[in-house]
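Asker: Next up, run.cif (mmCIF, C-alpha atoms and all ligand atoms; chains and numbers go by the auth columns).
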```
data_data
loop_
_atom_site.group_PDB
_atom_site.id
_atom_site.type_symbol
_atom_site.label_atom_id
_atom_site.label_comp_id
_atom_site.label_asym_id
_atom_site.label_seq_id
_atom_site.Cartn_x
_atom_site.Cartn_y
_atom_site.Cartn_z
_atom_site.B_iso_or_equiv
_atom_site.auth_seq_id
_atom_site.auth_asym_id
ATOM 1 C CA MET A 1 0.000 0.000 0.000 0.00 1 A
ATOM 2 C CA GLN A 2 1.030 3.601 -0.396 0.00 2 A
ATOM 3 C CA GLU A 3 0.766 6.203 2.288 0.00 3 A
ATOM 4 C CA THR A 4 1.758 9.845 2.616 0.00 4 A
ATOM 5 C CA PHE A 5 2.904 11.346 5.895 0.00 5 A
ATOM 6 C CA THR A 6 3.568 14.988 6.679 0.00 6 A
ATOM 7 C CA ALA A 7 6.623 15.817 8.766 0.00 7 A
ATOM 8 C CA PRO A 8 6.830 19.577 9.451 0.00 8 A
ATOM 9 C CA ALA A 9 10.529 19.365 10.383 0.00 9 A
ATOM 10 C CA ILE A 10 11.513 18.630 6.773 0.00 10 A
ATOM 11 C CA SER A 11 13.340 21.661 5.432 0.00 11 A
ATOM 12 C CA CYS A 12 16.164 20.766 3.098 0.00 12 A
ATOM 13 C CA GLU A 13 18.038 18.199 1.050 0.00 13 A
ATOM 14 C CA HIS A 14 19.685 16.827 4.184 0.00 14 A
ATOM 15 C CA CYS A 15 16.289 16.000 5.673 0.00 15 A
ATOM 16 C CA LYS A 16 15.270 14.270 2.458 0.00 16 A
ATOM 17 C CA THR A 17 18.422 12.148 2.428 0.00 17 A
ATOM 18 C CA ALA A 18 18.123 11.306 6.126 0.00 18 A
ATOM 19 C CA ILE A 19 14.502 10.186 5.992 0.00 19 A
ATOM 20 C CA GLU A 20 14.826 8.227 2.770 0.00 20 A
ATOM 21 C CA GLY A 21 17.970 6.622 4.155 0.00 21 A
ATOM 22 C CA VAL A 22 16.124 5.489 7.271 0.00 22 A
ATOM 23 C CA LEU A 23 12.971 4.246 5.585 0.00 23 A
ATOM 24 C CA ARG A 24 14.289 2.510 2.487 0.00 24 A
ATOM 25 C CA PRO A 25 16.271 -0.213 4.307 0.00 25 A
ATOM 26 C CA ILE A 26 13.276 -1.189 6.461 0.00 26 A
ATOM 27 C CA LYS A 27 11.966 -4.624 5.574 0.00 27 A
ATOM 28 C CA GLY A 28 8.714 -4.357 3.650 0.00 28 A
ATOM 29 C CA VAL A 29 9.371 -0.837 2.372 0.00 29 A
ATOM 30 C CA GLU A 30 9.364 -0.706 -1.419 0.00 30 A
ATOM 31 C CA THR A 31 9.891 2.984 -2.023 0.00 31 A
ATOM 32 C CA ALA A 32 10.222 6.082 0.142 0.00 32 A
ATOM 33 C CA ASP A 33 10.322 9.561 -1.313 0.00 33 A
ATOM 34 C CA VAL A 34 10.451 12.915 0.414 0.00 34 A
ATOM 35 C CA ASP A 35 9.082 16.076 -1.158 0.00 35 A
ATOM 36 C CA ILE A 36 10.849 18.959 0.539 0.00 36 A
ATOM 37 C CA ASP A 37 8.462 21.727 -0.509 0.00 37 A
ATOM 38 C CA SER A 38 5.319 20.008 0.748 0.00 38 A
ATOM 39 C CA LYS A 39 7.138 18.337 3.678 0.00 39 A
ATOM 40 C CA ARG A 40 5.576 15.074 2.654 0.00 40 A
ATOM 41 C CA VAL A 41 6.932 11.577 2.780 0.00 41 A
ATOM 42 C CA THR A 42 5.364 9.071 0.414 0.00 42 A
ATOM 43 C CA VAL A 43 6.013 5.469 1.308 0.00 43 A
ATOM 44 C CA ALA A 44 5.032 2.310 -0.550 0.00 44 A
ATOM 45 C CA TYR A 45 5.164 -0.630 1.810 0.00 45 A
ATOM 46 C CA ASP A 46 3.664 -3.934 2.785 0.00 46 A
ATOM 47 C CA PRO A 47 1.737 -3.400 6.035 0.00 47 A
ATOM 48 C CA GLU A 48 1.750 -7.134 6.715 0.00 48 A
ATOM 49 C CA VAL A 49 5.545 -7.044 6.882 0.00 49 A
ATOM 50 C CA THR A 50 5.988 -3.628 8.451 0.00 50 A
ATOM 51 C CA PRO A 51 3.199 -1.927 10.351 0.00 51 A
ATOM 52 C CA ARG A 52 2.521 1.746 9.739 0.00 52 A
ATOM 53 C CA GLU A 53 3.600 2.474 13.301 0.00 53 A
ATOM 54 C CA THR A 54 7.118 1.230 12.585 0.00 54 A
ATOM 55 C CA LEU A 55 7.534 3.844 9.858 0.00 55 A
ATOM 56 C CA ILE A 56 6.260 6.607 12.107 0.00 56 A
ATOM 57 C CA VAL A 57 8.543 5.568 14.968 0.00 57 A
ATOM 58 C CA ALA A 58 11.541 5.389 12.623 0.00 58 A
ATOM 59 C CA MET A 59 10.921 8.900 11.329 0.00 59 A
ATOM 60 C CA ALA A 60 10.408 10.298 14.837 0.00 60 A
ATOM 61 C CA ALA A 61 13.626 8.641 16.019 0.00 61 A
ATOM 62 C CA GLU A 62 15.480 10.402 13.220 0.00 62 A
ATOM 63 C CA GLY A 63 14.077 13.746 14.355 0.00 63 A
ATOM 64 C CA TYR A 64 11.077 13.995 12.040 0.00 64 A
ATOM 65 C CA PRO A 65 7.850 13.404 13.954 0.00 65 A
ATOM 66 C CA VAL A 66 4.821 13.017 11.734 0.00 66 A
ATOM 67 C CA SER A 67 1.942 15.410 12.232 0.00 67 A
ATOM 68 C CA ALA A 68 -1.510 13.908 12.699 0.00 68 A
HETATM 69 CU CU CU B . 17.157 19.565 6.476 0.00 101 B
#
```
Could you render the structure as structure tokens?
Answerer:
Amino acid sequence: MQETFTAPAISCEHCKTAIEGVLRPIKGVETADVDIDSKRVTVAYDPEVTPRETLIVAMAAEGYPVSA
């Protein structure tokens, strides 16, 4: 499935690289792409392998909490 999260802390290319670098290696994640301008993270993943919560926790741990 594909899901889009908004992380207000995203501000630059470094943020994009950091978040994509954290999400892409997670088992079950197919693609992860950050759009800096909209502060959105679009993730394609298999929720049966990796629950949504795991993605959110991983982003928060990296310093990018997702807004509700
Ligand atoms: Cu940044």
Asker: For the interface of chain A with ligand CU 101 (chain B) (cut-off 9 Å, counting only C-alpha atoms and all ligand atoms), please tabulate each contacting residue of chain A alongside its nearest pair of atoms and their separation in Å to one decimal, rows sorted by chain and increasing number, as a tab-separated table.
Answerer:
```
residue	atom	partner	partner_atom	distance
A:Ala9	CA	B:CU101	CU	7.7
A:Ile10	CA	B:CU101	CU	5.7
A:Ser11	CA	B:CU101	CU	4.5
A:Cys12	CA	B:CU101	CU	3.7
A:Glu13	CA	B:CU101	CU	5.7
A:His14	CA	B:CU101	CU	4.4
A:Cys15	CA	B:CU101	CU	3.8
A:Lys16	CA	B:CU101	CU	6.9
A:Thr17	CA	B:CU101	CU	8.5
A:Ala18	CA	B:CU101	CU	8.3
A:Ile36	CA	B:CU101	CU	8.7
```
Asker: Select all residues near (-2.8, 1.9, -0.5) (cut-off 9 Å, inclusive, file coordinates), counting all atoms listed in the file, and output them as a ChimeraX atom specification.
Answerer: /A:1-3,44-45
Asker: Using all atoms listed in the file, which residue out of A:Arg40, A:Glu48, A:Met59, A:Arg24 lies closest to A:Pro8?
Answerer: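 Nearest candidate to A:Pro8 out of A:Arg40, A:Glu48, A:Met59, A:Arg24: A:Arg40.
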Asker: Could you list as a list in words every residue that has an atom within 6 Å of (9.8, 8.0, 1.2), using the file's coordinates and counting all atoms listed in the file?
Answerer: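 Returned residue set, sorted by chain then number, is Glu20, Thr31, Ala32, Asp33, Val34, Val41, Thr42 and Val43 of chain A.
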Asker: One decimal, in Å: what's the spacing between atom CA of A:Pro25 and atom CA of A:Ser38?
Answerer: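 About the pair atom CA of A:Pro25 and atom CA of A:Ser38: they are 23.3 Å apart.
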Asker: Provide the atom CA of A:Ser67 to atom CA of A:Thr6 distance in Å, to one decimal place.
Answerer: 5.8 Å
Asker: In Å, how far is it from atom CA of A:Glu30 to atom CA of A:Ala68?
Answerer: 23.0 Å
Asker: Which residues come within 8 Å of A:Gly28, counting only C-alpha atoms, excluding same-chain residues fewer than 6 positions away, as a JSON list (two decimals) with C-alpha atoms, in the frame of the given file?
Answerer:
```json
[["chain", "number", "residue", "atom", "x", "y", "z"],
["A", 45, "TYR", "CA", 5.16, -0.63, 1.81],
["A", 46, "ASP", "CA", 3.66, -3.93, 2.78],
["A", 47, "PRO", "CA", 1.74, -3.40, 6.04],
["A", 49, "VAL", "CA", 5.54, -7.04, 6.88],
["A", 50, "THR", "CA", 5.99, -3.63, 8.45]]
```
